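Engineer: Sharing a structure here in structure tokens format.
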Amino acid sequence: MGNETVLPKQTQVVICGAGTVANSVAYHLVQNGWNDIVVLEQKKIGSGTSHFGSGTLGLFKPIADRNLIMYSIKLYRRLQELGYDIGFKQCGSVNLAQTKDRLIALKRQMAYHQATGLHCEVVGNKELKNFHPYLKTEDLEGAIWVPEDAVAKPQAICKALAKLAKEGGACYVENCQVLQVLTENSRVKGVETNMGTVFCEYFVNCAGMWARDLGLKCSPRVRVPAIPAEHFYVTTSCFEPKLDSMLPCVRDYDSHTYVREWEGGFMVGGFELEAKPAFGGSGIPEDWKNKLPQDWNHFMPLWEKAIHRLPILKDVHNPVLTNSPDNFTPDGRWILGETPEVTNYFVSVGMNGNSLQGAGGIGKAMAEWIIEGVPTTELIPFSIQRFLDLHNNRQYLLQRTREVVGRHYSIMYPHQCEYKYARKLRCSPLYSVLEKRGAVFGTRMAYERAVYFDSTYKGKFYGDPLPRMPPGSFYKPKFFDFMREEYLACREGVGIIDMSSFSKIEIKSSGSQVVDYLQRVCSNDVNIPVGGIVHTGMQNELGGYENDCMIVRQNDNSFFMVSPTNQQTRTFEWMQRNLPPDHSVALTDMTSMYTVINVVGPKSRDLMSELSNSDVNLLPFTYKKVNVGYASDVMVMSFTHTGEPGYCLYVPSEYALHVYDRLMTVGRDYGARDVGCLTQRFMRIEKFIAFWAEELTSLTTPFEAGAGHRVKLDKEYFIGKFALQRQKEQGVTQRLVFFVLEDIDPDIHIWPWGGEPLYRNGEFVGTVTSAGYGFTLDKLICVGYIRHPGMTMGGSNDRPVVTNEFIMARNARYEIDIAGQRFLAKPHIHAPHIPHVNMDSTSRRYRPTVVSLKTV
Amino acid sequence: MTIGCRAQQLVANKCFGKCSVRSAEYRKRVRPICTFSKNVIQQKDEVISEYYHRTLYTSKKLAATPRLSPQEVTNILRANEHTQEFTTTGSVKSYDSNQLSSNNPIEDTRTEAQCLLTKGLLLGVFDGHGGASCAQVIAKRLFHYITACLLPPDILHKYLNALENNETMELLDVYNDKVELVDELKILYEASFKTFVKELSQIKDNQRDFQMKEAMEKAFLRLDYDLSKEALYKNDGKVNMKTLSVAMSGAVACVAHIDGPHLHIASIGDCQSVLGVLTDDNTWTAKKLTTEHNTDNQEEIERIFKEHPNNERDTVIKMERLLGQLAPLRAFGDFRYKWNKSTLSSTVLPHYGESVIPPNYYTPPYLTARPEVKHHRLTPRDKFLVIASDGLWDLVSPLQVVRLVGEHMSGKVTLSPFRLPRKDMRISDINNMLLQRKEGLKMKPIDRNAATHLMRNALGGTEYGIDHVKLSQLLSMPQELVRVFRDDITITVTYFDSEYLRHCPP
């Protein structure tokens with residue numbers, strides 16, 4: 001069976017690119033019975049970057065990545081069994097820790113791997129020598145052995161998958177260049193190539209390092225923010241005698257290198273701290289394969305570290321350095337899914353240096369997504385909808401790529417590993433002021449948000465360097481005392497939080513269509529009185545979350561929606577897709593129009609009354625336009641994002657500095673203090689407020705998340721109603737539970753940060769979705785979904801129901817595994833009672849406080 | 001207000017006509033109920049001897065009185081000044097207090113004390129009339145009654161146990177207390193207080209619906225009740241002349257309880273308290289926290305009318321006085337306006353004569369010690385609280401008082417040498433500080449103590465600043481005349497910690 005030389009006129013799916021990922025998508029489509037597929041390749045199958053690559057398959061990754069890689073290994077093993085010579089060897093891997101923190105990082109990963117069925121164990125230096133006799137182990141803190149890790153030949157797999165796809169009916173057309181992806185009403189219509197036009201229903205961009213440029217060849221343009229970086233590995237000639245072919249792979253993270261056996265010798269690769277964008281940062285040249293210089297100067301530091309780890313390498317003659325560029329994404333995660341710009345335009349690119357690893361699982365996930373119309377596994381971390389236009393800016397990508405490569409091997413301290421390059425891009429109008437007041441920033445959706453405020457920073461003295469985040473830690477953050485001050489301000493005085501990064505969308509119509517529209521996409525009743533605010537989810541057909549937002553009714557036919565920062569692209573796309581076809585409802589992204597300031601705490605009412613010269617005694621979940629200082633038309637909403645009483649101010653951005661200045665100047669007498677988003681995060685966790693992308697995902701429902709009261713099933717049809725109705729009748733199979741970790745001493749122990757496995761009577765029942773410090777409880781706390789044991793990997797439809805009785809059963813003993821140590825976790829269905837702070841300070845009755853008595 | 005006006009107003013004391021004379025006579029007959037600690041007596045003697053030295057001159061010859069030197073004036077003004085600073089964190093930074101006598105002995109008293117079992121600072125100014133004894137006793141006893149009413153049941157029980165087992169468990173740490181009651185009264189009062197504590201402890205769950213207003217009222221009324229009981233108690237049919245003299249004299253009071261941002265003021269009579277508030281635009285405003293209970297207060301008059309039959313309307317308030325005699329409409333003691341006629345006839349009349357029963361005395365009691373209690377939440381703009389007897393308020397208005405203390409606050413920093421608050425300062429910041437200091441130098445006061453500063457300005461202030469001649473005259477007047485020109489003055493100025501109030505929990 002050969003390749004076609006004539007382009008068909010019409011097909012169902014066009015896949016652009018014939019690398020491993022593309023072939024895997026094609027293979028899985030035909031496996032699922034979709035065989036009307038055309039695969040377009042500009043040169044030859046596997047002629048892109050897929051023929052490079054170390055061929056390592058590492059499972060020791062975050063859980064979402066790992067699940068896909070696990071499938072890849074399964075698939076490749078089957079290919080081997082089918083008789084393909086793909087060099088598949090399950091040789092295992094050793095993952096080294098040179099520092100204590102690294103070992104903690106590895107043990108944290110190990111904890112959830114062990115819980116979810118991946119075998120791995122900590123090995124001592126002596127044992128390590130048995131696994132890999134060439135290793136220098138004296139300077140190691142420890143290592144993790146992952147026996148299921150494997151290696152394979154990337155190019156062979158690429159070819160094998162193409163062959164299988166072809167056998168299944170996929171049509172491969174080589175030497176075919178895509179000129180333009182044709183659309184109609186923002187929907188894929190066809191593909192124009194140098195060989196003519198093919199009409200199609202679906203288009204899949206698997207063009208590897210050409211994907212970004214391909215994305216631009218479409219109207220509207222499609223964002224695929226990934227550019228290639230130079231990526232190096234060294235191969236040695238065969239050793240005498242030949243190395244054991246089952247020698248495990250070595251990942252020496254702290255040296256930023258990996259080593260595997262390769263044709264009797266070694267292959268040494270690196271994820272260097274400062275990488276270089278490929279081809280000098282300009283476009284990919286036609287003869288790119290000839291423009292891959294061997295930059296020994298660049299690789300030498302890594303090579304020296306590799307020699308340190310494997311002294312045997314010292315005597316190697318003529319090692320060959322290969323420059324194998326690959327696509328890196330701004331956050332180092334794959335880019336998968338349907339684009340927000342064009343319906344049925346799918347993307348799966350951004351393999352970050354190892355396309356083989358993900359290809360199998362990604363192919364399956366994408367094929368299922370195309371066929372089902374919705375993702376069948378948890379893919380939010382990889383969603384292409386996490387980007388904005390700015391991410392696709394070449395300058396931005398060039399800067400970011402320099403550090404993204406090395407981050408793959410860096411320790412990712414929770415909330416304390418901010419990017420170095422391409423910063424200060426999206427800034428709140430208050431950015432410069434907050435910076436002077438000691439803000440230490442982190443980014444989300446490239447938006448600079450104050451993580452915390454260093455109150456010791458004396459900003460007014462010129463020349464003082466800005467405060468920097470101290471080195472990260474898995475224990476109590478080194479800046480924690482500032483957070484405690486911030487919390488106290490929110491509990492006892494006034495906390496001021498800049499929340500401008502939240503996405504804001506205005507939804508309008510001339511008639512009442514907007515109400516019908518919102519009623520259809522929201523699961524709560526949004527037909528509220530003008531001036532009211534409602535907290536609602538937007539569900540998909542399965543009842544899962546597509547968005548969690550606040551909806552404000554400004555007028556009869558005008559609403560204002562606020563959703564989390566990282567939802568800006570995604571939610572807009574979702575809402576747009578569900579708009580009535582008659583264009584009667586208009587959506588406008590207002591994110592940049594308003595500066596959002598939370599004024600939190602018991603003295604916030606007095607402060608706002610003074611600033612606005614008016615009564616701001618608003619009913620819960622209502623808003624009012626008031627003048628603040630000299631500014632007019634500030635929307636004051638009676639809720640905060642912390643669970644504490646207070647207000648959320650939507651300030652037209654030109655007034656932002658004025659309003660902030662008044663808040664701080666007058667607020668001084670009310671104990672006002674800047675508060676960062678990490679404190680806000682901890683406060684909302686303590687109030688058991690579930691959050692988008694952590695607790696609320698497309699695979700979790702309001703009933704599972706404990707937000708069932710926000711679902712109005714007695715309402716007319718809304719998206720997801722039937723699924724939710726069914727779930728309400730049958731009960732949930734997972735339930736979000738709040739845990740207090742009584743035994744953990746925050747000053748001594750490693751903190752939970754999310755991702756830790758939860759055990760019930762010794763059986764794995766769920767994973768922590770978010771964790772933090774409960775300031776009021778003075779304990780570490782976490783939340784996570786609890787399922788019946790053995791039901792954690794997805795599965796059959798008759799899953800047992802999780803009831804309150806099951807969760808709170810007297811004999812249930814819950815434990816959390818933090819980096820290999822288990823601690824008792826006390827479950828709560830509702831957040832533990834926290835004494836309410838009253839905003840009516842003046843009406844508070846006085847009660848004498850007893851002075852602690854000396855023993856009488 | 002000129003001295004001339006003042007003289008007209010002061011034709012009579014709080015007790016009208018004869019009665020005041022009578023009690024003055026009586027005072028000489030009764031043994032003192034308390035002693036002052038030694039150095040006070042010495043100081044007093046000095047001052048008093050000066051008075052007598054100068055009483056050789058008649059009022060007409062006043063102009064010829066040898067003028068006091070500035071140093072002598074300052075010595076007289078500062079004789080009783082006291083400053084207490086607090087190092088523990090709380091809303092009160094410090095207080096200044098001072099007293100200047102006109103009567104001999106002074107009829108004003110004052111007490112400041114830290115509560116020891118519950119949090120809070122108590123400050124009180126008491127203005128006695130018809131003799132000093134009632135005010136002296138109130139100053140000694142009232143805070144104990146208040147603190148007892150603030151104790152939660154469990155602590156109250158502990159305290160009672162300590163009392164019964166004669167263990168020491170102090171309720172109060174009293175500052176600058178130089179007065180000691182005679183032993184006989186001490187024992188009697190301790191017994192009364194113990195009974196009260198016992199009764200309090202028998203009330204169940206009183207803390208559950210604790211109300212500061214009720215607690216304060218209970219303390220005031222109970223102490224007044226005890227004064228009455230102690231006076232009427234006859235040992236072997238004999239009246240105790242000491243307790244009776246306390247009951248026959250009276251006192252008005254103003255007490256502040258400050259715990260964190262909570263300020264409660266309980267007052268009876270015409271002592272006043274004023275809060276100095278610094279507004280946004282850096283100007284001082286005065287916030288009065290008390291209403292005087294006298295005939296200027298229409299509500300008080302209505303209250304009294306309501307409590308007595310209609311046919312007494314013309315007699316119950318007469319010539320701006322209660323029953324034509326008493327100026328304050330609420331007071332401790334003064335049982336001649338509280339006891340019924342037969343009690344007065346049988347117990348008091350034999351010792352005090354016919355005139356002890358006021359005219360038109362039909363439906364007693366006419367007088368009460370129930371305080372008016374106000375709560376104020378301190379804000380960082382509330383900089384200080386002035387509590388003073390009417391001796392001050394007769395001379396200066398609340399706003400004047402607030403301005404004087406406010407200026408004093410900024411001026412007094414210049415009394416200490418300039419120091420840099422921290423090391424790493426820029427020249428421009430130091431310059432700013434020095435400019436501020438220069439501004440303050442214009443207001444550099446003579447006295448460090450704000451209460452003294454107030455007295456000096458109240459007595460010697462003119463449009464052109466302090467007039468030494470006027471001050472000297474007022475301070476060197478003969479004893480029989482001085483009461484016409486100035487009353488006893490007692491002032492307590494309490495300073496608040498704005499930084500604490502900014503950050504304190506609500």
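Quick note on naming: the chains in the structure tokens go A, B, ... in the order shown, residues restart at 1 in each chain, and ligands are numbered from 1 in order of appearance.
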Could the residues of chain A within 7 Å of chain B, counting only C-alpha atoms, be given as a list in words, please?
Structural biologist: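 Close to chain B, chain A has Glu492, Gly493, Pro602, Arg668, Asp669, Tyr670, Gly671, Ser841, Thr842, Tyr846, Arg847, Pro848, Thr849, Val850, Val851 and Leu853 of chain A.
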Engineer: Kindly save the residues from that selection, with C-alpha atoms included, as a PDB file, in the first residue's frame.
Structural biologist:
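The file below, out18.pdb, is the result:
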ATOM      1  CA  GLU A 492      -9.780  42.528  61.832  1.00  0.00           C
ATOM      2  CA  GLY A 493      -9.392  45.597  59.657  1.00  0.00           C
ATOM      3  CA  PRO A 602     -15.065  43.934  59.311  1.00  0.00           C
ATOM      4  CA  ARG A 668      -5.123  53.820  57.112  1.00  0.00           C
ATOM      5  CA  ASP A 669      -7.435  54.617  59.978  1.00  0.00           C
ATOM      6  CA  TYR A 670      -9.256  51.351  59.385  1.00  0.00           C
ATOM      7  CA  GLY A 671      -6.108  49.260  59.399  1.00  0.00           C
ATOM      8  CA  SER A 841     -18.685  47.275  64.198  1.00  0.00           C
ATOM      9  CA  THR A 842     -20.654  50.068  65.802  1.00  0.00           C
ATOM     10  CA  TYR A 846     -19.117  45.237  74.427  1.00  0.00           C
ATOM     11  CA  ARG A 847     -18.213  42.343  76.606  1.00  0.00           C
ATOM     12  CA  PRO A 848     -15.397  42.507  79.112  1.00  0.00           C
ATOM     13  CA  THR A 849     -12.477  40.255  78.314  1.00  0.00           C
ATOM     14  CA  VAL A 850     -10.945  38.308  81.120  1.00  0.00           C
ATOM     15  CA  VAL A 851      -7.293  38.886  81.823  1.00  0.00           C
ATOM     16  CA  LEU A 853      -5.469  34.849  85.724  1.00  0.00           C
TER      17      LEU A 853
END
Engineer: Give me every strand (DSSP E or B) residue in segment 440-495 of chain B, going by DSSP on the backbone, as JSON, numbers by chain.
Structural biologist: {"B": [461, 462, 465, 466, 489, 490, 491, 492, 493, 494, 495]}
Engineer: Need to verify the contact set: Ser273 of chain B, 8 Å, only C-alpha atoms, exclusion of same-chain residues closer than 5 positions in sequence. Can you return it as a count of residues only?
Structural biologist: 8
Engineer: Using Å and a single decimal, report how far atom CA of Asn175 of chain A sits from atom CA of Val198 of chain A.
Structural biologist: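 Between these atoms lies a distance of 14.9 Å.
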Engineer: Give me, as an MDAnalysis selection string, all polymer residues having an atom no more than 9 Å from His468 of chain B, counting only C-alpha atoms and skipping those fewer than 4 positions away in the same chain.
Structural biologist: chainID B and resid 68:70 73 460:461 472:473
